[in-house]
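The structure file structure05.csv is reproduced below (CSV, C-alpha atoms and all ligand atoms).
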```
chain,number,residue,atom,x,y,z
A,1,MET,CA,-9.6,-11.2,-5.7
A,2,ALA,CA,-11.9,-8.2,-5.3
A,3,PRO,CA,-10.4,-5.0,-6.5
A,4,LEU,CA,-9.4,-2.4,-3.8
A,5,ALA,CA,-11.4,0.8,-3.7
A,6,SER,CA,-8.5,2.7,-5.1
A,7,GLU,CA,-8.2,0.2,-8.0
A,8,ARG,CA,-11.9,0.5,-8.7
A,9,MET,CA,-11.6,4.3,-8.8
A,10,LEU,CA,-8.5,4.0,-11.1
A,11,SER,CA,-10.3,1.6,-13.3
A,12,ARG,CA,-13.2,3.9,-13.8
A,13,THR,CA,-10.9,6.8,-14.6
A,14,ILE,CA,-8.5,5.2,-17.1
A,15,GLY,CA,-10.2,1.9,-18.0
A,16,ARG,CA,-9.2,-1.7,-17.4
A,17,VAL,CA,-6.4,-1.7,-20.0
A,18,GLY,CA,-4.9,1.4,-18.5
A,19,VAL,CA,-4.8,-0.3,-15.0
A,20,LEU,CA,-3.0,-3.3,-16.6
A,21,ARG,CA,-0.5,-1.1,-18.2
A,22,LEU,CA,0.2,0.7,-14.9
A,23,ALA,CA,0.6,-2.6,-13.1
A,24,THR,CA,3.1,-3.8,-15.8
A,25,ARG,CA,5.1,-0.6,-15.5
A,26,ALA,CA,5.2,-0.9,-11.7
A,27,LEU,CA,6.5,-4.5,-12.0
A,28,ALA,CA,9.1,-3.4,-14.5
A,29,THR,CA,10.6,-1.0,-12.1
A,30,ARG,CA,14.0,-2.2,-10.9
A,31,VAL,CA,14.9,-2.1,-7.2
A,32,PRO,CA,18.5,-0.9,-7.0
A,33,ILE,CA,21.1,-3.3,-5.5
A,34,VAL,CA,24.6,-2.7,-4.1
A,35,GLY,CA,27.1,-5.2,-3.1
A,36,GLY,CA,30.3,-4.9,-1.1
A,37,ASN,CA,33.1,-7.2,-2.3
A,38,TRP,CA,35.7,-7.4,0.5
A,39,LYS,CA,37.9,-9.7,-1.7
A,40,CYS,CA,40.8,-11.1,0.3
A,41,ASN,CA,40.3,-8.7,3.2
A,42,PRO,CA,40.6,-8.0,6.1
A,43,LYS,CA,43.8,-9.5,7.3
A,44,SER,CA,42.5,-10.1,10.8
A,45,ALA,CA,39.1,-11.3,11.9
A,46,ALA,CA,39.4,-8.7,14.6
A,47,GLU,CA,38.6,-6.1,12.0
A,48,LEU,CA,35.3,-7.7,11.0
A,49,PRO,CA,33.1,-6.0,13.6
A,50,GLU,CA,33.9,-2.6,12.1
A,51,LEU,CA,33.3,-3.8,8.5
A,52,ILE,CA,30.0,-5.5,9.6
A,53,ALA,CA,29.0,-2.3,11.3
A,54,ASN,CA,29.5,-0.5,7.9
A,55,ILE,CA,27.1,-2.9,6.2
A,56,ASN,CA,24.6,-2.6,9.1
A,57,SER,CA,24.6,1.2,8.9
A,58,CYS,CA,23.2,1.0,5.3
A,59,ASP,CA,19.6,2.1,4.9
A,60,THR,CA,18.2,-0.8,3.0
A,61,SER,CA,14.6,0.6,2.6
A,62,GLY,CA,15.3,1.7,-1.0
A,63,CYS,CA,18.1,-0.6,-2.0
A,64,GLU,CA,19.0,-4.2,-1.6
A,65,VAL,CA,22.5,-4.8,-0.1
A,66,TYR,CA,24.8,-7.8,-0.1
A,67,VAL,CA,28.3,-8.4,1.1
A,68,CYS,CA,30.9,-10.8,-0.2
A,69,PRO,CA,33.3,-11.7,2.7
A,70,SER,CA,36.5,-13.7,2.0
A,71,PRO,CA,35.8,-17.4,2.2
A,72,LEU,CA,37.4,-17.8,5.6
A,73,HIS,CA,35.2,-15.1,7.0
A,74,VAL,CA,31.8,-16.0,5.6
A,75,ALA,CA,30.7,-17.9,8.7
A,76,LEU,CA,31.9,-15.1,10.9
A,77,VAL,CA,29.7,-12.6,9.0
A,78,GLN,CA,26.6,-14.7,8.3
A,79,GLY,CA,24.0,-14.1,11.1
A,80,LYS,CA,25.5,-10.7,12.0
A,81,LEU,CA,23.6,-8.6,9.6
A,82,THR,CA,20.7,-6.7,11.1
A,83,ASN,CA,19.2,-4.6,8.3
A,84,GLY,CA,18.2,-7.1,5.6
A,85,ALA,CA,21.6,-7.1,3.9
A,86,VAL,CA,22.7,-10.6,3.0
A,87,VAL,CA,26.0,-12.6,2.6
A,88,ALA,CA,26.9,-13.6,-0.9
A,89,PRO,CA,30.2,-15.7,-1.0
A,90,GLN,CA,32.7,-14.8,-3.7
A,91,ASN,CA,32.6,-18.1,-5.5
A,92,CYS,CA,31.1,-21.6,-5.5
A,93,ASN,CA,31.9,-24.8,-7.3
A,94,PHE,CA,29.7,-26.3,-10.0
A,95,THR,CA,28.9,-29.7,-8.6
A,96,GLY,CA,28.3,-29.9,-4.8
A,97,CYS,CA,30.1,-31.5,-1.9
A,98,GLY,CA,32.8,-34.2,-2.3
A,99,ALA,CA,36.5,-34.5,-2.9
A,100,TYR,CA,37.1,-31.0,-4.2
A,101,THR,CA,40.0,-29.6,-2.1
A,102,GLY,CA,39.8,-25.8,-1.6
A,103,GLU,CA,36.3,-25.5,-3.1
A,104,MET,CA,33.0,-24.1,-1.6
A,105,ALA,CA,29.7,-25.7,-2.4
A,106,VAL,CA,26.3,-23.9,-2.5
A,107,GLU,CA,25.0,-26.9,-0.6
A,108,GLN,CA,27.2,-25.9,2.3
A,109,MET,CA,26.2,-22.3,2.0
A,110,LYS,CA,22.5,-23.3,1.9
A,111,SER,CA,22.9,-25.2,5.2
A,112,MET,CA,24.2,-21.9,6.7
A,113,GLY,CA,21.2,-20.0,5.6
A,114,ILE,CA,22.9,-18.3,2.6
A,115,SER,CA,21.0,-17.9,-0.7
A,116,TRP,CA,23.1,-15.6,-2.9
A,117,VAL,CA,26.5,-16.1,-4.5
A,118,LEU,CA,28.8,-14.0,-6.7
A,119,ILE,CA,30.5,-15.7,-9.7
A,120,GLY,CA,32.5,-14.5,-12.6
A,121,HIS,CA,34.6,-11.8,-11.0
A,122,SER,CA,37.5,-10.9,-13.3
A,123,GLU,CA,39.9,-11.7,-10.5
A,124,ARG,CA,38.7,-15.3,-11.0
A,125,ARG,CA,38.7,-15.1,-14.8
A,126,GLY,CA,42.4,-14.9,-15.1
A,127,GLU,CA,42.8,-11.2,-14.5
A,128,PHE,CA,44.5,-11.8,-11.2
A,129,GLY,CA,48.0,-11.1,-12.4
A,130,LEU,CA,49.1,-14.7,-11.5
A,131,PRO,CA,49.2,-17.8,-13.6
A,132,THR,CA,45.9,-19.1,-12.1
A,133,PRO,CA,43.6,-21.0,-14.5
A,134,ALA,CA,40.9,-18.7,-15.8
A,135,GLU,CA,37.2,-19.5,-15.2
A,136,SER,CA,35.4,-19.6,-18.6
A,137,SER,CA,31.9,-18.3,-19.1
A,138,ALA,CA,30.8,-21.8,-20.0
A,139,LEU,CA,32.1,-23.1,-16.6
A,140,LEU,CA,30.4,-20.1,-14.9
A,141,ALA,CA,27.0,-21.0,-16.6
A,142,THR,CA,27.4,-24.5,-15.2
A,143,LYS,CA,28.0,-23.0,-11.7
A,144,CYS,CA,25.0,-20.8,-12.1
A,145,LYS,CA,22.7,-23.7,-13.1
A,146,HIS,CA,23.9,-25.7,-10.1
A,147,ALA,CA,23.3,-22.7,-7.8
A,148,TYR,CA,19.7,-22.2,-9.2
A,149,GLU,CA,19.0,-25.9,-8.6
A,150,ASN,CA,19.8,-25.2,-5.0
A,151,GLY,CA,17.4,-22.2,-4.9
A,152,PHE,CA,20.2,-19.6,-5.1
A,153,LYS,CA,20.3,-16.2,-6.6
A,154,VAL,CA,23.4,-15.3,-8.5
A,155,ILE,CA,25.4,-12.1,-9.2
A,156,TYR,CA,27.2,-12.7,-12.4
A,157,ALA,CA,30.2,-10.4,-13.2
A,158,ILE,CA,31.2,-9.5,-16.7
A,159,GLY,CA,33.4,-6.9,-18.3
A,160,GLU,CA,36.2,-6.1,-20.7
A,161,PRO,CA,40.0,-5.6,-20.2
A,162,LEU,CA,41.6,-2.4,-21.4
A,163,PRO,CA,42.8,-3.5,-24.9
A,164,VAL,CA,39.1,-4.3,-25.7
A,165,ARG,CA,37.9,-0.9,-24.4
A,166,GLU,CA,40.5,0.8,-26.5
A,167,LYS,CA,38.9,-0.7,-29.6
A,168,GLY,CA,35.6,1.0,-28.9
A,169,ILE,CA,32.1,0.3,-27.7
A,170,SER,CA,31.3,-2.3,-30.3
A,171,ALA,CA,34.2,-4.5,-29.2
A,172,VAL,CA,33.2,-3.9,-25.6
A,173,VAL,CA,29.6,-5.1,-26.2
A,174,ALA,CA,30.9,-8.1,-28.3
A,175,HIS,CA,33.1,-9.1,-25.3
A,176,CYS,CA,30.3,-8.9,-22.8
A,177,VAL,CA,27.9,-10.7,-25.2
A,178,GLU,CA,30.4,-13.6,-25.4
A,179,GLN,CA,30.3,-13.8,-21.6
A,180,LEU,CA,26.5,-13.8,-21.6
A,181,LYS,CA,26.0,-16.3,-24.4
A,182,PRO,CA,26.4,-19.5,-22.4
A,183,PHE,CA,23.9,-18.1,-19.9
A,184,LYS,CA,21.5,-17.4,-22.7
A,185,GLU,CA,22.0,-20.9,-24.2
A,186,MET,CA,21.3,-22.5,-20.8
A,187,THR,CA,18.3,-20.2,-20.2
A,188,LEU,CA,19.8,-18.7,-17.1
A,189,LEU,CA,19.1,-15.0,-17.8
A,190,ASP,CA,16.1,-14.8,-15.5
A,191,PRO,CA,15.9,-11.4,-13.8
A,192,ASP,CA,14.2,-12.9,-10.7
A,193,LYS,CA,17.3,-15.1,-10.2
A,194,ILE,CA,20.3,-13.2,-11.6
A,195,VAL,CA,21.9,-9.8,-11.3
A,196,LEU,CA,24.5,-8.7,-13.8
A,197,ALA,CA,27.5,-6.8,-12.6
A,198,TYR,CA,29.2,-4.9,-15.4
A,199,GLU,CA,32.8,-4.4,-14.2
A,200,PRO,CA,35.3,-3.1,-16.8
A,201,VAL,CA,38.6,-4.7,-15.8
A,202,TRP,CA,40.6,-1.6,-16.4
A,203,SER,CA,38.6,0.3,-13.7
A,204,ILE,CA,38.8,-2.4,-11.0
A,205,GLY,CA,41.0,-1.2,-8.1
A,206,THR,CA,42.7,1.4,-10.3
A,207,GLY,CA,40.9,4.5,-9.2
A,208,VAL,CA,39.9,5.0,-12.9
A,209,THR,CA,36.1,4.9,-12.9
A,210,ALA,CA,34.1,4.5,-16.1
A,211,SER,CA,32.5,7.8,-17.0
A,212,PRO,CA,28.7,8.0,-16.6
A,213,LYS,CA,28.6,8.2,-20.4
A,214,GLN,CA,30.7,5.0,-20.8
A,215,ALA,CA,28.7,3.2,-18.1
A,216,GLN,CA,25.3,4.2,-19.4
A,217,GLU,CA,26.2,3.4,-23.0
A,218,THR,CA,27.5,-0.1,-22.1
A,219,HIS,CA,24.6,-0.9,-19.8
A,220,ALA,CA,22.1,0.2,-22.4
A,221,ALA,CA,23.8,-1.9,-25.0
A,222,ILE,CA,23.7,-5.0,-22.8
A,223,ARG,CA,20.0,-4.3,-22.1
A,224,ALA,CA,19.4,-4.0,-25.8
A,225,TRP,CA,21.1,-7.3,-26.5
A,226,LEU,CA,18.9,-8.9,-23.7
A,227,ALA,CA,15.8,-7.4,-25.3
A,228,LYS,CA,16.7,-8.8,-28.7
A,229,GLU,CA,18.0,-12.2,-27.7
A,230,VAL,CA,16.0,-13.1,-24.6
A,231,GLY,CA,13.0,-10.7,-24.5
A,232,LYS,CA,11.8,-7.2,-23.7
A,233,ASP,CA,10.4,-8.2,-20.3
A,234,THR,CA,13.7,-9.8,-19.3
A,235,ALA,CA,15.6,-6.7,-20.5
A,236,ASP,CA,13.3,-4.3,-18.7
A,237,ARG,CA,13.6,-6.2,-15.4
A,238,MET,CA,17.2,-7.3,-15.4
A,239,ARG,CA,19.3,-5.4,-12.9
A,240,ILE,CA,22.8,-4.4,-14.1
A,241,GLN,CA,25.2,-3.1,-11.5
A,242,TYR,CA,28.3,-1.1,-12.3
A,243,GLY,CA,31.6,-2.1,-10.7
A,244,GLY,CA,35.0,-0.5,-10.9
A,245,SER,CA,36.3,2.1,-8.4
A,246,ALA,CA,32.8,3.1,-7.4
A,247,ASN,CA,32.8,5.3,-4.4
A,248,ALA,CA,30.7,7.9,-2.5
A,249,LYS,CA,31.9,10.7,-4.7
A,250,ASN,CA,31.1,9.2,-8.1
A,251,ALA,CA,28.0,7.2,-7.0
A,252,PRO,CA,25.5,10.1,-7.4
A,253,GLU,CA,26.4,10.8,-11.0
A,254,LEU,CA,26.6,7.1,-12.0
A,255,SER,CA,23.3,6.5,-10.2
A,256,ALA,CA,21.6,9.1,-12.4
A,257,CYS,CA,22.3,6.9,-15.5
A,258,PRO,CA,18.9,5.2,-16.3
A,259,ASP,CA,20.5,1.8,-17.0
A,260,VAL,CA,22.8,1.7,-13.9
A,261,ASP,CA,20.8,-0.2,-11.3
A,262,GLY,CA,23.4,-0.2,-8.5
A,263,PHE,CA,27.0,-1.0,-7.8
A,264,LEU,CA,29.4,-3.8,-7.0
A,265,VAL,CA,31.9,-2.0,-4.7
A,266,GLY,CA,35.4,-3.3,-3.8
A,267,GLY,CA,37.8,-0.9,-2.1
A,268,ALA,CA,35.1,1.5,-0.9
A,269,SER,CA,33.1,-1.3,0.7
A,270,LEU,CA,35.9,-1.5,3.3
A,271,LYS,CA,35.2,2.1,4.3
A,272,ALA,CA,32.4,4.0,6.1
A,273,GLU,CA,31.4,5.6,2.8
A,274,PHE,CA,29.8,2.4,1.6
A,275,LYS,CA,26.5,3.5,3.2
A,276,ASP,CA,26.6,6.7,1.2
A,277,ILE,CA,26.8,4.7,-2.1
A,278,VAL,CA,23.7,2.8,-1.1
A,279,SER,CA,21.9,6.0,-0.2
A,280,ALA,CA,23.0,7.7,-3.5
A,281,VAL,CA,21.5,5.0,-5.7
A,282,ALA,CA,18.4,4.7,-3.5
A,283,LYS,CA,17.8,8.4,-3.8
A,284,ALA,CA,18.4,8.5,-7.5
A,285,LYS,CA,16.0,5.7,-8.3
A,286,GLY,CA,13.4,6.7,-5.7
A,287,GLN,CA,12.2,3.1,-5.6
A,288,LYS,CA,11.0,1.5,-2.3
A,289,ARG,CA,12.2,-2.0,-1.8
A,290,PRO,CA,9.4,-4.6,-1.4
A,291,MET,CA,10.2,-5.6,2.2
A,292,SER,CA,8.2,-8.8,2.0
A,293,LYS,CA,10.4,-10.2,-0.7
A,294,GLY,CA,13.8,-9.8,1.0
A,295,VAL,CA,17.0,-9.7,-1.0
B,1,LIG,P1,36.9,-1.7,-6.8
B,1,LIG,O1,36.5,-3.2,-7.1
B,1,LIG,O2,35.7,-1.0,-6.4
B,1,LIG,O3,38.0,-1.7,-5.7
B,1,LIG,O4,37.4,-1.2,-8.1
B,1,LIG,C1,35.3,-3.6,-7.7
B,1,LIG,C2,35.2,-5.0,-7.8
B,1,LIG,O5,36.2,-5.7,-8.1
B,1,LIG,O6,34.1,-5.6,-7.6
```
Rendering of file as structure tokens:
Amino acid sequence: MAPLASERMLSRTIGRVGVLRLATRALATRVPIVGGNWKCNPKSAAELPELIANINSCDTSGCEVYVCPSPLHVALVQGKLTNGAVVAPQNCNFTGCGAYTGEMAVEQMKSMGISWVLIGHSERRGEFGLPTPAESSALLATKCKHAYENGFKVIYAIGEPLPVREKGISAVVAHCVEQLKPFKEMTLLDPDKIVLAYEPVWSIGTGVTASPKQAQETHAAIRAWLAKEVGKDTADRMRIQYGGSANAKNAPELSACPDVDGFLVGGASLKAEFKDIVSAVAKAKGQKRPMSKGV
């Protein structure tokens, strides 16, 4: 393809290698991404229009947005988003349609026009406070592979419980690495297909947010592990969201952390302030979303 006039001018100024370096750096820039996880809310479908309006009020020009409605409400939300935000169900099975009572298959989602799914939330990993069977990271990797085979993109949640955090950052990173290992082994850590959501369990729904220092240190350590174990390009391009009592008040400070690429928001995604969280990270990163690509 013939170079644009501006590219020719740039090329004369800094030479061909310089242009290539600039292009690589531009590609390496991460577009922020914010998700709203409604969990098992709202109680009544009559409340959905207001929650959908919250999502539609987000400015998505500088940040990708997804919403995770409860399974019963997915079909009532899909098709109602007007600003480029997308629906990402809260779970999927690992094998497709069939005799799997109570499950949701990506094949069913695909036929509804859905192409993103959230997996690995700590509330599905046995941190639910009830004796429900935990989902292992190995099972989640199998789910991710099946989702990829159906053309899906995946949000994969990881994070440590309080006793691990109390042991210090090395224990935290070791815990997250264990959750990532099956994904590495199955070569699923592709930044074009997966977004990681670091969600310390002790901060979810508790009002105790990780400090910007804790969030940045942990995200940077996860990125360093990716660089060492998968590759620098993967590490540079992988988006890592923070989740755990994120809200409009703490979003600007957390967004200023260089390795925080957005948020997975629970409680505050049921409130009007959700759009302010989206704006805060878009402003901090100053990155325009490539509209042609969609979420
Ligand atoms: P929270 O939930 O924002 O209510 O803490 C976050 C999450 O569980 O994704």
With the cut-off set at 6 Å and counting only C-alpha atoms and all ligand atoms, tabulate each residue of chain A with an atom at most that distance from an atom of ligand LIG 1 (chain B), showing the nearest atom pair and its distance in Å to one decimal, ordered by chain and increasing number, as JSON lines.
```
{"residue": "A:Asn37", "atom": "CA", "partner": "B:LIG1", "partner_atom": "O6", "distance": 5.6}
{"residue": "A:Ser203", "atom": "CA", "partner": "B:LIG1", "partner_atom": "O4", "distance": 5.9}
{"residue": "A:Ile204", "atom": "CA", "partner": "B:LIG1", "partner_atom": "O4", "distance": 3.4}
{"residue": "A:Gly205", "atom": "CA", "partner": "B:LIG1", "partner_atom": "O4", "distance": 3.6}
{"residue": "A:Gly243", "atom": "CA", "partner": "B:LIG1", "partner_atom": "C1", "distance": 5.0}
{"residue": "A:Gly244", "atom": "CA", "partner": "B:LIG1", "partner_atom": "O4", "distance": 3.8}
{"residue": "A:Ser245", "atom": "CA", "partner": "B:LIG1", "partner_atom": "O4", "distance": 3.5}
{"residue": "A:Ala246", "atom": "CA", "partner": "B:LIG1", "partner_atom": "O2", "distance": 5.1}
{"residue": "A:Leu264", "atom": "CA", "partner": "B:LIG1", "partner_atom": "O6", "distance": 5.1}
{"residue": "A:Val265", "atom": "CA", "partner": "B:LIG1", "partner_atom": "O2", "distance": 4.3}
{"residue": "A:Gly266", "atom": "CA", "partner": "B:LIG1", "partner_atom": "O1", "distance": 3.5}
{"residue": "A:Gly267", "atom": "CA", "partner": "B:LIG1", "partner_atom": "O3", "distance": 3.7}
```
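In this model, the gap between atom CA of A:Asn250 and atom CA of A:Lys271 comes to 14.9 Å.
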Legend entry - Selection: 12 Å around A:Pro163, all atoms listed in the file, excl. self and same-chain fewer than 4 positions, as a ChimeraX atom specification: /A:159,167-169,171-172,175,200-202
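Comparing A:Pro182, A:Gly35, A:Gly79, A:Pro89 by their smallest distance to A:Glu64, the closest is A:Gly35 (using all atoms listed in the file).
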Legend entry - A:Pro161, A:Ala220, A:Glu47, A:Asn91 ranked by distance to A:Gly126, top pick (using only C-alpha atoms): A:Pro161
Legend entry - atom CA of A:Ser44 to atom CA of A:Ala88, distance in Å rounded to a single decimal: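 Atom-to-atom, atom CA of A:Ser44 to atom CA of A:Ala88, that is 19.8 Å.
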Legend entry - atom CA of A:Ala157 to atom CA of A:Thr60, distance in Å rounded to a single decimal: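 Taking atom CA of A:Ala157 and atom CA of A:Thr60, their separation equals 22.3 Å.
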